[in-house]
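Visitor: Sending over run_4.cif (mmCIF, C-alpha atoms and all ligand atoms).
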data_structure
#
loop_
_atom_site.label_atom_id
_atom_site.label_comp_id
_atom_site.auth_asym_id
_atom_site.auth_seq_id
_atom_site.Cartn_x
_atom_site.Cartn_y
_atom_site.Cartn_z
CA MET T 1358 -6.24 -16.32 -3.98
CA ASN T 1359 -5.03 -17.67 -7.27
CA PRO T 1360 -1.23 -17.48 -7.08
CA VAL T 1361 -0.91 -18.60 -10.71
CA ILE T 1362 -2.78 -15.55 -11.96
CA ILE T 1363 -0.76 -13.28 -9.69
CA MET T 1364 2.59 -14.72 -10.73
CA ASN T 1365 1.69 -14.57 -14.43
CA ARG T 1366 0.67 -10.95 -14.23
CA ARG T 1367 3.76 -9.93 -12.29
CA GLU T 1368 6.01 -11.53 -14.87
CA LEU T 1369 4.61 -9.11 -17.41
CA THR T 1370 5.41 -5.85 -15.65
CA ARG T 1371 8.71 -4.11 -16.12
CA LYS T 1372 11.07 -4.04 -13.17
CA ILE T 1373 11.88 -0.57 -12.01
CA MET T 1374 14.15 0.66 -9.24
CA VAL T 1375 12.83 3.30 -6.86
CA GLY T 1376 15.96 4.05 -4.87
CA ASN T 1377 16.94 0.69 -3.41
CA VAL T 1378 13.42 -0.78 -3.77
CA GLN T 1379 12.60 -2.77 -6.86
CA ILE T 1380 9.00 -2.71 -8.04
CA GLY T 1381 7.33 -4.65 -10.84
CA GLY T 1382 8.14 -8.09 -12.14
CA GLN T 1383 7.50 -10.75 -9.55
CA ASN T 1384 8.37 -8.56 -6.62
CA LYS T 1385 6.02 -8.38 -3.70
CA VAL T 1386 3.66 -5.44 -3.63
CA VAL T 1387 5.37 -2.41 -2.12
CA ILE T 1388 3.58 -0.27 0.47
CA GLN T 1389 3.56 3.47 -0.05
CA THR T 1390 2.20 6.44 1.78
CA MET T 1391 2.36 10.20 1.45
CA ALA T 1392 3.65 12.56 4.12
CA ARG T 1393 1.39 15.28 5.52
CA THR T 1394 3.96 17.78 6.70
CA LYS T 1395 4.96 20.59 4.35
CA THR T 1396 8.34 19.63 2.90
CA GLU T 1397 9.84 22.95 3.96
CA ASP T 1398 9.45 21.88 7.62
CA THR T 1399 12.32 19.42 7.32
CA LYS T 1400 12.68 18.39 10.98
CA ALA T 1401 9.02 17.50 11.40
CA LEU T 1402 8.90 15.82 7.99
CA ILE T 1403 11.94 13.65 8.67
CA ARG T 1404 10.37 12.58 11.97
CA GLU T 1405 7.10 11.80 10.20
CA ILE T 1406 8.70 9.78 7.39
CA ASN T 1407 10.88 7.78 9.77
CA THR T 1408 7.80 6.86 11.82
CA TYR T 1409 6.08 5.60 8.66
CA ALA T 1410 9.16 3.59 7.72
CA THR T 1411 9.07 1.89 11.12
CA GLU T 1412 5.38 1.13 10.58
CA GLY T 1413 5.90 -0.56 7.23
CA ALA T 1414 6.06 2.19 4.56
CA GLN T 1415 8.63 1.19 1.96
CA ILE T 1416 8.33 4.32 -0.19
CA VAL T 1417 7.11 7.76 0.96
CA ARG T 1418 5.87 10.57 -1.27
CA VAL T 1419 6.21 14.24 -0.36
CA ALA T 1420 4.57 17.26 -1.97
CA ILE T 1421 6.75 19.87 -3.67
CA PHE T 1422 4.43 22.82 -3.58
CA ASP T 1423 6.79 25.79 -3.86
CA ASP T 1424 10.44 26.91 -3.99
CA ALA T 1425 10.92 26.44 -0.27
CA ASP T 1426 9.81 22.79 -0.55
CA ALA T 1427 12.05 22.14 -3.54
CA SER T 1428 15.05 23.60 -1.70
CA ALA T 1429 14.32 21.60 1.46
CA LEU T 1430 14.05 18.21 -0.26
CA LYS T 1431 17.76 17.35 -0.09
CA THR T 1432 17.79 17.70 3.71
CA VAL T 1433 14.72 15.47 3.97
CA ILE T 1434 16.27 12.79 1.77
CA GLU T 1435 19.48 12.85 3.80
CA GLY T 1436 17.55 12.43 7.04
CA THR T 1437 15.45 9.44 5.97
CA SER T 1438 16.15 5.86 4.96
CA VAL T 1439 13.24 5.03 2.63
CA PRO T 1440 13.10 6.14 -1.01
CA ILE T 1441 11.42 9.55 -1.32
CA VAL T 1442 9.10 10.38 -4.20
CA ALA T 1443 8.71 14.05 -5.13
CA ASP T 1444 5.11 14.85 -6.03
CA ILE T 1445 5.01 17.76 -8.48
CA HIS T 1446 2.21 19.39 -10.38
CA PHE T 1447 2.87 21.60 -13.40
CA ASN T 1448 6.21 23.23 -12.47
CA HIS T 1449 9.01 21.37 -14.24
CA THR T 1450 11.76 23.32 -12.46
CA TYR T 1451 10.71 21.64 -9.20
CA ALA T 1452 11.14 18.30 -10.93
CA LEU T 1453 14.67 19.27 -11.98
CA LYS T 1454 15.45 20.41 -8.43
CA ALA T 1455 14.03 17.18 -7.00
CA VAL T 1456 16.24 15.11 -9.28
CA ASP T 1457 19.27 17.12 -8.15
CA ALA T 1458 18.24 16.66 -4.52
CA GLY T 1459 18.29 12.87 -4.91
CA ALA T 1460 14.58 12.00 -5.19
CA ALA T 1461 14.07 8.30 -5.90
CA LYS T 1462 11.08 8.93 -8.17
CA ILE T 1463 9.23 11.90 -9.59
CA ARG T 1464 5.48 11.98 -9.76
CA ILE T 1465 4.55 14.37 -12.54
CA ASN T 1466 2.28 14.20 -15.56
CA PRO T 1467 4.32 15.22 -18.61
CA GLY T 1468 1.21 16.54 -20.38
CA ASN T 1469 0.82 19.13 -17.63
CA ILE T 1470 4.38 20.46 -17.77
CA GLY T 1471 3.94 22.70 -20.81
CA SER T 1472 6.38 22.69 -23.72
CA LYS T 1473 8.24 19.77 -25.30
CA GLU T 1474 11.52 21.39 -24.22
CA LYS T 1475 10.47 21.26 -20.59
CA ILE T 1476 9.48 17.59 -20.87
CA LYS T 1477 12.82 16.89 -22.54
CA ALA T 1478 14.70 18.61 -19.72
CA VAL T 1479 12.93 16.54 -17.04
CA VAL T 1480 13.41 13.31 -18.98
CA GLU T 1481 17.12 13.96 -19.54
CA ALA T 1482 17.64 14.73 -15.86
CA CYS T 1483 15.78 11.56 -14.80
CA LYS T 1484 17.61 9.43 -17.37
CA LYS T 1485 21.00 10.63 -16.16
CA LYS T 1486 20.24 9.47 -12.63
CA SER T 1487 18.01 6.46 -13.52
CA ILE T 1488 15.04 7.99 -11.73
CA PRO T 1489 11.58 6.73 -12.72
CA ILE T 1490 8.56 8.92 -13.33
CA ARG T 1491 5.10 8.07 -12.10
CA ILE T 1492 2.21 9.26 -14.21
CA GLY T 1493 -0.88 9.58 -12.06
CA ILE T 1494 -4.24 9.67 -13.81
CA ASN T 1495 -7.06 10.90 -11.63
CA ALA T 1496 -10.68 10.54 -12.78
CA GLY T 1497 -11.38 14.00 -11.35
CA SER T 1498 -8.96 15.83 -13.65
CA LEU T 1499 -9.31 14.24 -17.08
CA GLU T 1500 -8.79 16.21 -20.28
CA LYS T 1501 -11.95 17.91 -21.55
CA ASP T 1502 -11.86 16.28 -25.00
CA LEU T 1503 -11.55 12.81 -23.50
CA LEU T 1504 -14.47 13.51 -21.20
CA LYS T 1505 -16.48 14.66 -24.19
CA THR T 1506 -15.68 11.55 -26.24
CA HIS T 1507 -15.68 8.84 -23.58
CA GLY T 1508 -17.25 10.38 -20.48
CA ARG T 1509 -15.65 9.79 -17.06
CA THR T 1510 -14.86 6.16 -17.86
CA ALA T 1511 -12.06 3.64 -17.67
CA LYS T 1512 -11.48 4.15 -21.39
CA ALA T 1513 -11.00 7.91 -20.91
CA MET T 1514 -8.55 7.32 -18.05
CA VAL T 1515 -6.48 4.84 -20.07
CA GLU T 1516 -6.48 7.15 -23.10
CA SER T 1517 -5.26 9.95 -20.86
CA ALA T 1518 -2.50 7.68 -19.54
CA ARG T 1519 -1.59 6.75 -23.11
CA ARG T 1520 -1.07 10.44 -24.00
CA HIS T 1521 1.21 11.08 -21.04
CA VAL T 1522 3.11 7.85 -21.61
CA LYS T 1523 3.65 8.72 -25.27
CA LEU T 1524 5.24 12.04 -24.34
CA LEU T 1525 7.85 10.17 -22.31
CA GLU T 1526 8.29 7.31 -24.78
CA ASP T 1527 8.83 9.86 -27.58
CA GLU T 1528 11.89 10.97 -25.61
CA GLY T 1529 13.08 7.36 -25.29
CA PHE T 1530 12.03 7.16 -21.62
CA TYR T 1531 10.50 3.93 -20.33
CA ASP T 1532 11.26 4.06 -16.62
CA ILE T 1533 7.57 4.64 -15.96
CA VAL T 1534 5.09 3.74 -13.22
CA LEU T 1535 1.37 4.31 -13.79
CA SER T 1536 -1.58 4.86 -11.53
CA LEU T 1537 -5.23 5.30 -12.50
CA LYS T 1538 -7.29 6.35 -9.54
CA ALA T 1539 -10.84 7.41 -8.83
CA SER T 1540 -12.84 7.74 -5.66
CA ASP T 1541 -15.32 5.35 -7.29
CA VAL T 1542 -14.30 1.75 -6.65
CA ARG T 1543 -15.62 0.20 -9.86
CA LEU T 1544 -14.14 2.93 -12.03
CA THR T 1545 -10.73 2.47 -10.40
CA VAL T 1546 -10.87 -1.31 -10.85
CA ASP T 1547 -12.03 -1.07 -14.48
CA ALA T 1548 -9.43 1.57 -15.38
CA THR T 1549 -6.56 -0.25 -13.67
CA MET T 1550 -7.52 -3.58 -15.24
CA LEU T 1551 -7.69 -1.97 -18.67
CA ALA T 1552 -4.33 -0.31 -18.03
CA ALA T 1553 -2.84 -3.69 -17.06
CA LYS T 1554 -3.93 -5.05 -20.45
CA THR T 1555 -2.69 -1.97 -22.31
CA PHE T 1556 0.74 -1.28 -20.75
CA ASP T 1557 3.52 -3.37 -19.26
CA TYR T 1558 4.60 -0.65 -16.84
CA PRO T 1559 4.31 -1.34 -13.11
CA LEU T 1560 1.04 -0.15 -11.62
CA HIS T 1561 0.63 1.78 -8.41
CA ILE T 1562 -2.89 1.04 -7.15
CA GLY T 1563 -5.19 2.94 -4.82
CA ILE T 1564 -8.69 4.30 -4.40
CA THR T 1565 -8.20 8.02 -4.24
CA GLU T 1566 -9.96 10.11 -1.61
CA ALA T 1567 -11.43 6.89 -0.23
CA GLY T 1568 -12.82 8.71 2.81
CA PRO T 1569 -12.70 8.31 6.59
CA ALA T 1570 -11.26 5.22 8.30
CA TYR T 1571 -14.19 2.81 8.16
CA GLN T 1572 -15.57 3.66 4.73
CA GLY T 1573 -12.14 4.25 3.21
CA THR T 1574 -10.73 0.96 4.42
CA ILE T 1575 -13.70 -1.01 3.09
CA LYS T 1576 -13.70 0.80 -0.26
CA SER T 1577 -9.95 0.27 -0.60
CA ALA T 1578 -10.15 -3.38 0.40
CA ALA T 1579 -12.97 -3.96 -2.12
CA GLY T 1580 -11.18 -2.24 -5.01
CA LEU T 1581 -7.57 -3.11 -4.30
CA GLY T 1582 -8.51 -6.61 -3.19
CA THR T 1583 -10.15 -7.22 -6.57
CA LEU T 1584 -7.03 -6.00 -8.35
CA LEU T 1585 -4.64 -7.98 -6.16
CA TYR T 1586 -6.73 -11.11 -6.68
CA HIS T 1587 -6.15 -10.71 -10.41
CA GLY T 1588 -2.44 -10.22 -9.89
CA ILE T 1589 -2.54 -6.49 -10.60
CA GLY T 1590 -0.67 -3.95 -8.51
CA ASP T 1591 3.03 -3.46 -7.90
CA THR T 1592 2.80 -0.76 -5.27
CA LEU T 1593 -0.19 0.34 -3.27
CA ARG T 1594 -1.49 3.06 -1.05
CA ILE T 1595 -4.67 3.14 0.98
CA SER T 1596 -5.73 6.79 1.27
CA LEU T 1597 -7.70 7.55 4.40
CA SER T 1598 -8.74 10.77 6.09
CA ALA T 1599 -7.74 9.09 9.31
CA GLY T 1600 -3.99 9.26 9.74
CA ARG T 1601 -1.23 7.40 8.01
CA LEU T 1602 -0.68 4.74 10.66
CA LYS T 1603 -4.19 3.45 10.01
CA GLU T 1604 -3.43 3.49 6.26
CA LEU T 1605 -0.28 1.46 6.76
CA LYS T 1606 -2.00 -1.04 9.02
CA ALA T 1607 -4.75 -1.46 6.42
CA CYS T 1608 -2.15 -1.96 3.65
CA LYS T 1609 -0.35 -4.64 5.65
CA THR T 1610 -3.56 -6.44 6.57
CA LEU T 1611 -4.83 -6.36 3.00
CA LEU T 1612 -1.58 -7.68 1.55
CA ALA T 1613 -1.30 -10.33 4.27
CA SER T 1614 -4.75 -11.62 3.36
CA PHE T 1615 -3.34 -12.42 -0.11
CA ASP T 1616 -0.12 -13.86 1.35
CA LEU T 1617 1.76 -10.88 -0.05
CA TYR T 1618 3.01 -9.64 3.32
CA GLU T 1619 4.18 -11.36 6.44
CA ALA T 1620 1.92 -10.31 9.27
CA PRO T 1621 0.16 -12.10 12.11
CA THR T 1622 -3.28 -13.52 11.40
CA LEU T 1623 -5.75 -13.24 14.26
CA ILE T 1624 -8.73 -15.50 13.75
CA SER T 1625 -11.61 -14.81 16.11
CA CYS T 1626 -15.29 -15.65 15.97
CA PRO T 1627 -18.11 -13.09 16.14
CA THR T 1628 -19.42 -14.83 19.32
CA CYS T 1629 -23.02 -15.85 19.98
CA GLY T 1630 -25.18 -17.10 22.81
CA ARG T 1631 -22.82 -20.03 23.41
CA LEU T 1632 -20.00 -17.78 24.59
CA ALA T 1633 -19.20 -18.37 28.27
CA TYR T 1634 -15.94 -16.51 28.89
CA ASP T 1635 -14.63 -12.96 28.45
CA MET T 1636 -13.49 -13.40 24.85
CA ASP T 1637 -13.91 -9.80 23.62
CA ALA T 1638 -11.38 -8.47 26.13
CA LEU T 1639 -8.93 -11.24 25.22
CA VAL T 1640 -9.20 -10.52 21.47
CA GLY T 1641 -8.68 -6.79 22.06
CA LYS T 1642 -5.58 -7.36 24.18
CA VAL T 1643 -4.08 -9.88 21.76
CA GLU T 1644 -4.70 -7.54 18.82
CA THR T 1645 -2.92 -4.69 20.62
CA TYR T 1646 -0.04 -7.00 21.46
CA LEU T 1647 0.33 -8.19 17.86
CA ASP T 1648 0.36 -4.59 16.62
CA THR T 1649 3.62 -3.97 18.44
CA HIS T 1650 5.22 -7.44 18.36
CA PRO T 1651 5.87 -8.45 14.75
CA THR T 1652 5.32 -12.11 13.96
CA ASN T 1653 3.79 -14.06 11.11
CA LEU T 1654 2.03 -16.55 13.38
CA LYS T 1655 -1.58 -17.58 12.92
CA ILE T 1656 -3.42 -17.15 16.22
CA ALA T 1657 -7.01 -18.22 16.87
CA VAL T 1658 -9.13 -16.92 19.73
CA MET T 1659 -12.47 -18.70 19.59
CA GLY T 1660 -15.67 -18.63 21.60
CA CYS T 1661 -16.73 -22.20 22.27
CA ALA T 1662 -16.53 -25.88 21.44
CA VAL T 1663 -18.57 -25.57 18.22
CA ASN T 1664 -15.91 -24.11 15.92
CA GLY T 1665 -13.25 -23.35 18.50
CA PRO T 1666 -11.21 -26.56 18.54
CA GLY T 1667 -11.12 -26.79 14.74
CA GLU T 1668 -9.82 -23.25 14.25
CA ALA T 1669 -7.49 -23.46 17.27
CA ARG T 1670 -6.02 -26.70 15.94
CA ASP T 1671 -5.44 -25.18 12.46
CA ALA T 1672 -3.64 -22.16 13.92
CA ASP T 1673 -0.08 -22.10 15.28
CA ILE T 1674 -1.50 -21.14 18.66
CA GLY T 1675 -5.16 -21.14 19.60
CA VAL T 1676 -7.70 -20.83 22.36
CA ALA T 1677 -11.07 -22.56 22.32
CA GLY T 1678 -13.33 -21.09 24.98
CA GLY T 1679 -15.19 -23.02 27.66
CA HIS T 1680 -17.02 -21.96 30.81
CA LYS T 1681 -14.87 -19.12 32.26
CA GLU T 1682 -11.82 -20.87 30.87
CA GLY T 1683 -10.14 -21.80 27.62
CA LEU T 1684 -8.26 -24.70 26.11
CA LEU T 1685 -4.82 -23.65 24.87
CA PHE T 1686 -3.63 -25.29 21.65
CA ILE T 1687 -0.11 -25.19 20.25
CA ASN T 1688 0.63 -26.72 16.84
CA GLY T 1689 -2.73 -28.45 16.77
CA ALA T 1690 -2.43 -30.15 20.16
CA ILE T 1691 -4.17 -29.28 23.42
CA VAL T 1692 -1.55 -28.08 25.89
CA LYS T 1693 -3.61 -27.12 28.92
CA LYS T 1694 -6.85 -25.73 30.32
CA VAL T 1695 -6.44 -22.11 31.52
CA PRO T 1696 -8.82 -20.04 33.72
CA GLN T 1697 -10.06 -16.95 31.84
CA GLU T 1698 -8.17 -14.50 34.07
CA ASN T 1699 -4.86 -16.13 33.03
CA LEU T 1700 -5.62 -16.73 29.36
CA TYR T 1701 -3.93 -13.59 28.02
CA GLU T 1702 -0.65 -14.27 29.85
CA ALA T 1703 -0.72 -17.93 28.79
CA LEU T 1704 -1.31 -16.97 25.17
CA ILE T 1705 1.49 -14.37 25.12
CA GLU T 1706 3.89 -16.80 26.78
CA ALA T 1707 3.01 -19.37 24.11
CA ILE T 1708 3.59 -16.80 21.32
CA GLU T 1709 6.95 -15.72 22.70
CA THR T 1710 8.11 -19.32 23.20
CA TYR T 1711 6.92 -20.23 19.69
CA LYS T 1712 8.94 -17.39 18.14
CA LYS T 1713 12.23 -18.59 19.73
S1 LIG P 1801 -17.28 -20.40 17.96
FE1 LIG P 1801 -18.94 -20.74 19.39
S2 LIG P 1801 -19.23 -18.74 20.38
FE2 LIG P 1801 -18.08 -18.36 18.53
S3 LIG P 1801 -19.65 -17.87 17.04
FE3 LIG P 1801 -19.16 -20.05 16.81
S4 LIG P 1801 -20.71 -21.05 18.06
FE4 LIG P 1801 -20.70 -18.90 18.70
#
Can I see the file as structure tokens?
Guide:
Amino acid sequence: MNPVIIMNRRELTRKIMVGNVQIGGQNKVVIQTMARTKTEDTKALIREINTYATEGAQIVRVAIFDDADASALKTVIEGTSVPIVADIHFNHTYALKAVDAGAAKIRINPGNIGSKEKIKAVVEACKKKSIPIRIGINAGSLEKDLLKTHGRTAKAMVESARRHVKLLEDEGFYDIVLSLKASDVRLTVDATMLAAKTFDYPLHIGITEAGPAYQGTIKSAAGLGTLLYHGIGDTLRISLSAGRLKELKACKTLLASFDLYEAPTLISCPTCGRLAYDMDALVGKVETYLDTHPTNLKIAVMGCAVNGPGEARDADIGVAGGHKEGLLFINGAIVKKVPQENLYEALIEAIETYKK
């Protein structure tokens, strides 16, 4: 990671409030997700959003698909503690209703609303309540003339963003967040990087329709990791066809690998023919434990004396495997030798004592 690049880039983005969460500027990257429940089903949706909030979502987006959803939004907002973004396509009256209901942000593309009067109405409503608008450019739904001139390229996506942005800026509205997404990793990276050079608005980053858990996580890590490395991205979502809890875990792990989120680091080796204790079971159990016991400790679980002591010493707490046993390290020093059947308990006890 190059923190200098990241800090410099963040200084350039505008700071925007989404409810009580500030994005842009030098703020840490904010984790978002989108609810699956239809907004009309308020009880289930509130339950869903509150679960995501517990699992690390800082902003949650909901779809406003019809009148029933628009009318239900207020109840959902009252029942949840994270800022709620209303995702609207085409129908500007839903945007007006969402503003009235207390949405923290509206996701709508002004170019798709229709007339200038309708755009004006949405902008005035958002201005009155200091609600930002996210413009979301998707490579799959670019304007025909841009496709004709530029093809499905980063340039076309940025030009599309420029058109939508201009419609808001013409109304004196600058409380804008942008996203430029594609299911293609390189196209997303190119478009978002070009957007970062072109605009100073905060950028929401993500690979859209990234796919099932394994492929989607790798594609997202490749694309979003590249952007984060260059200091680009003020909020992020990892979109998986695998359930939101997996998305949130992937977001946290990705951000933590750039020191942008406090999460435990579990270092473990791939094992080889030198392994002489039941390390796989230990790693699995420790990983499960860390999922439900928040800490920002660095823990190493290593196979043998080749790389084990080095990694275990560098970690806050570590195990270097031996023959059916392991050496327990705390703060770089060997504490004791533990038989393999007691290693998990010894490690957890060390973690809990360390946290106190
Ligand atoms: S630490 Fe030991 S067991 Fe693990 S991969 Fe390296 S040499 Fe193999």
Visitor: Kindly give the distance, in Å, that separates CA of Val1640 in chain T and CA of Arg1601 in chain T, rounded to a single decimal.
Guide: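 Distance reported for this atom pair: 23.8 Å.
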Visitor: Step by step, measure atom-to-atom distances between ligand LIG 1801 (chain P) and each residue using only C-alpha atoms and all ligand atoms, keep those at most 10 Å, then write them as a list in words.
Guide: Ser1625, Cys1626, Pro1627, Thr1628, Cys1629, Gly1630, Arg1631, Leu1632, Ala1633, Tyr1634, Met1636, Val1658, Met1659, Gly1660, Cys1661, Ala1662, Val1663, Asn1664, Gly1665, Pro1666, Gly1667, Glu1668, Ala1677, Gly1678 and Gly1679 of chain T
Visitor: For Gly1563 in chain T, which of T:Asn1495, T:Asn1688, T:Asn1384, T:Thr1506 is the closest residue, counting all atoms listed in the file?
Guide: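 Looking at the shortest contact to Gly1563 in chain T, the residue is T:Asn1495.
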Visitor: Tell me which protein, DNA and RNA residues are within 8 Å of Asp1532 in chain T, counting all atoms listed in the file, leaving out same-chain ones fewer than 2 positions away, and put them as a list of chain:residue names.
Guide: T:Ile1373, T:Ser1487, T:Ile1488, T:Pro1489, T:Ile1490, T:Phe1530, T:Val1534
Visitor: Select, from T:Ala1455, T:Ala1567, T:Ile1494, T:Leu1605, the residue with the minimum atom-to-atom distance to Ser1536 in chain T, counting only C-alpha atoms.
Guide: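 Closest to Ser1536 in chain T, using only C-alpha atoms: T:Ile1494.
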Visitor: Any chance you could tabulate, as a Markdown table, the residues of range 1575-1671 of chain T at most 12 Å from range 1394-1409 of chain T with each one's nearest atom pair and distance in Å to one decimal, using only C-alpha atoms, in chain and rising number order?
Guide:
| residue | atom | partner | partner_atom | distance |
| --- | --- | --- | --- | --- |
| T:Gly1600 | CA | T:Tyr1409 | CA | 10.8 |
| T:Arg1601 | CA | T:Tyr1409 | CA | 7.6 |
| T:Leu1602 | CA | T:Tyr1409 | CA | 7.1 |
| T:Lys1603 | CA | T:Tyr1409 | CA | 10.6 |
| T:Glu1604 | CA | T:Tyr1409 | CA | 10.0 |
| T:Leu1605 | CA | T:Tyr1409 | CA | 7.8 |
| T:Lys1606 | CA | T:Tyr1409 | CA | 10.5 |
Visitor: Can you work out the spacing between CA of Val1676 in chain T and CA of Tyr1571 in chain T in Å, to one decimal?
Guide: 28.3 Å
